[in-house]
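Here is data.cif, consisting of mmCIF, C-alpha atoms:
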data_query
loop_
_atom_site.group_PDB
_atom_site.id
_atom_site.type_symbol
_atom_site.label_atom_id
_atom_site.label_comp_id
_atom_site.auth_asym_id
_atom_site.auth_seq_id
_atom_site.Cartn_x
_atom_site.Cartn_y
_atom_site.Cartn_z
ATOM 1 C CA MET A 916 0.000 0.000 0.000
ATOM 2 C CA LYS A 917 1.218 3.508 -0.833
ATOM 3 C CA THR A 918 2.248 5.678 2.065
ATOM 4 C CA ARG A 919 2.235 8.877 -0.024
ATOM 5 C CA ILE A 920 -0.564 9.795 -2.383
ATOM 6 C CA ASN A 921 0.112 12.401 -5.053
ATOM 7 C CA PHE A 922 -2.990 14.561 -5.527
ATOM 8 C CA TYR A 923 -1.301 16.926 -7.973
ATOM 9 C CA GLN A 924 -1.326 16.530 -11.713
ATOM 10 C CA LYS A 925 1.933 16.691 -13.665
ATOM 11 C CA SER A 926 0.834 19.986 -15.254
ATOM 12 C CA LEU A 927 0.656 21.657 -11.821
ATOM 13 C CA ARG A 928 4.171 20.697 -10.725
ATOM 14 C CA VAL A 929 6.789 23.422 -10.457
ATOM 15 C CA ARG A 930 9.060 23.434 -13.476
ATOM 16 C CA ARG A 931 12.514 24.963 -13.528
ATOM 17 C CA ASP A 932 13.000 27.723 -16.036
ATOM 18 C CA PRO A 933 15.648 26.611 -18.580
ATOM 19 C CA VAL A 934 16.809 30.230 -19.110
ATOM 20 C CA LEU A 935 17.976 31.893 -15.922
ATOM 21 C CA LEU A 936 17.495 35.612 -15.416
ATOM 22 C CA GLN A 937 21.249 36.131 -15.078
ATOM 23 C CA ASN A 938 21.894 34.452 -18.436
ATOM 24 C CA MET A 939 19.166 36.511 -20.102
ATOM 25 C CA LEU A 940 20.633 39.753 -18.713
ATOM 26 C CA MET A 941 24.108 38.784 -19.929
ATOM 27 C CA LEU A 942 22.714 38.054 -23.388
ATOM 28 C CA TRP A 943 20.902 41.413 -23.587
ATOM 29 C CA GLY A 944 23.977 43.238 -22.264
ATOM 30 C CA GLY A 945 26.198 41.605 -24.870
ATOM 31 C CA ALA A 946 23.749 42.487 -27.625
ATOM 32 C CA LEU A 947 23.637 46.123 -26.485
ATOM 33 C CA ILE A 948 27.448 46.325 -26.424
ATOM 34 C CA ILE A 949 27.659 44.924 -29.962
ATOM 35 C CA ILE A 950 25.005 47.382 -31.172
ATOM 36 C CA ALA A 951 26.866 50.294 -29.529
ATOM 37 C CA ILE A 952 30.170 49.285 -31.163
ATOM 38 C CA VAL A 953 28.611 48.938 -34.613
ATOM 39 C CA TRP A 954 26.757 52.232 -34.193
ATOM 40 C CA SER A 955 29.928 54.095 -33.181
ATOM 41 C CA LEU A 956 31.884 52.624 -36.101
ATOM 42 C CA TYR A 957 29.137 53.649 -38.503
ATOM 43 C CA ALA A 958 28.983 57.159 -37.054
ATOM 44 C CA ARG A 959 32.766 57.490 -37.393
ATOM 45 C CA HIS A 960 32.592 56.272 -40.996
ATOM 46 C CA VAL A 961 29.862 58.763 -41.882
ATOM 47 C CA SER A 962 31.676 61.681 -40.219
ATOM 48 C CA VAL A 963 34.983 60.892 -41.992
ATOM 49 C CA LYS A 964 33.192 60.496 -45.315
ATOM 50 C CA SER A 965 31.451 63.883 -45.015
ATOM 51 C CA LYS A 966 34.705 65.812 -44.432
#
As structure tokens:
Amino acid sequence: MKTRINFYQKSLRVRRDPVLLQNMLMLWGGALIIIAIVWSLYARHVSVKSK
């Protein structure tokens, strides 16, 4: 005889999030740094070209 009875369905169990908040913040930060570098290089290229 079972000593523990599980009344909860599998859909109600707590699931771990595969993407942690820290990893998501690092990804967004890296993307923003890359965008800033590309933007600054483009701005430098446009300013040199206009002179």
* To do: Would you work out the distance separating CA of Ala951 (chain A) from CA of Asn938 (chain A), expressed in Å to one decimal?
  =>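 Separating CA of Ala951 (chain A) from CA of Asn938 (chain A) is a distance of 20.0 Å.
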* Mind giving me the straight-line distance from CA of Lys964 (chain A) to CA of Ile949 (chain A) in Å, one decimal? =>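 These atoms are spaced 22.6 Å apart.
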* Asked: What gap, in Å, lies between CA of Ala946 (chain A) and CA of Pro933 (chain A)?
  ->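 According to the coordinates, CA of Ala946 (chain A) and CA of Pro933 (chain A) are separated by 20.0 Å.
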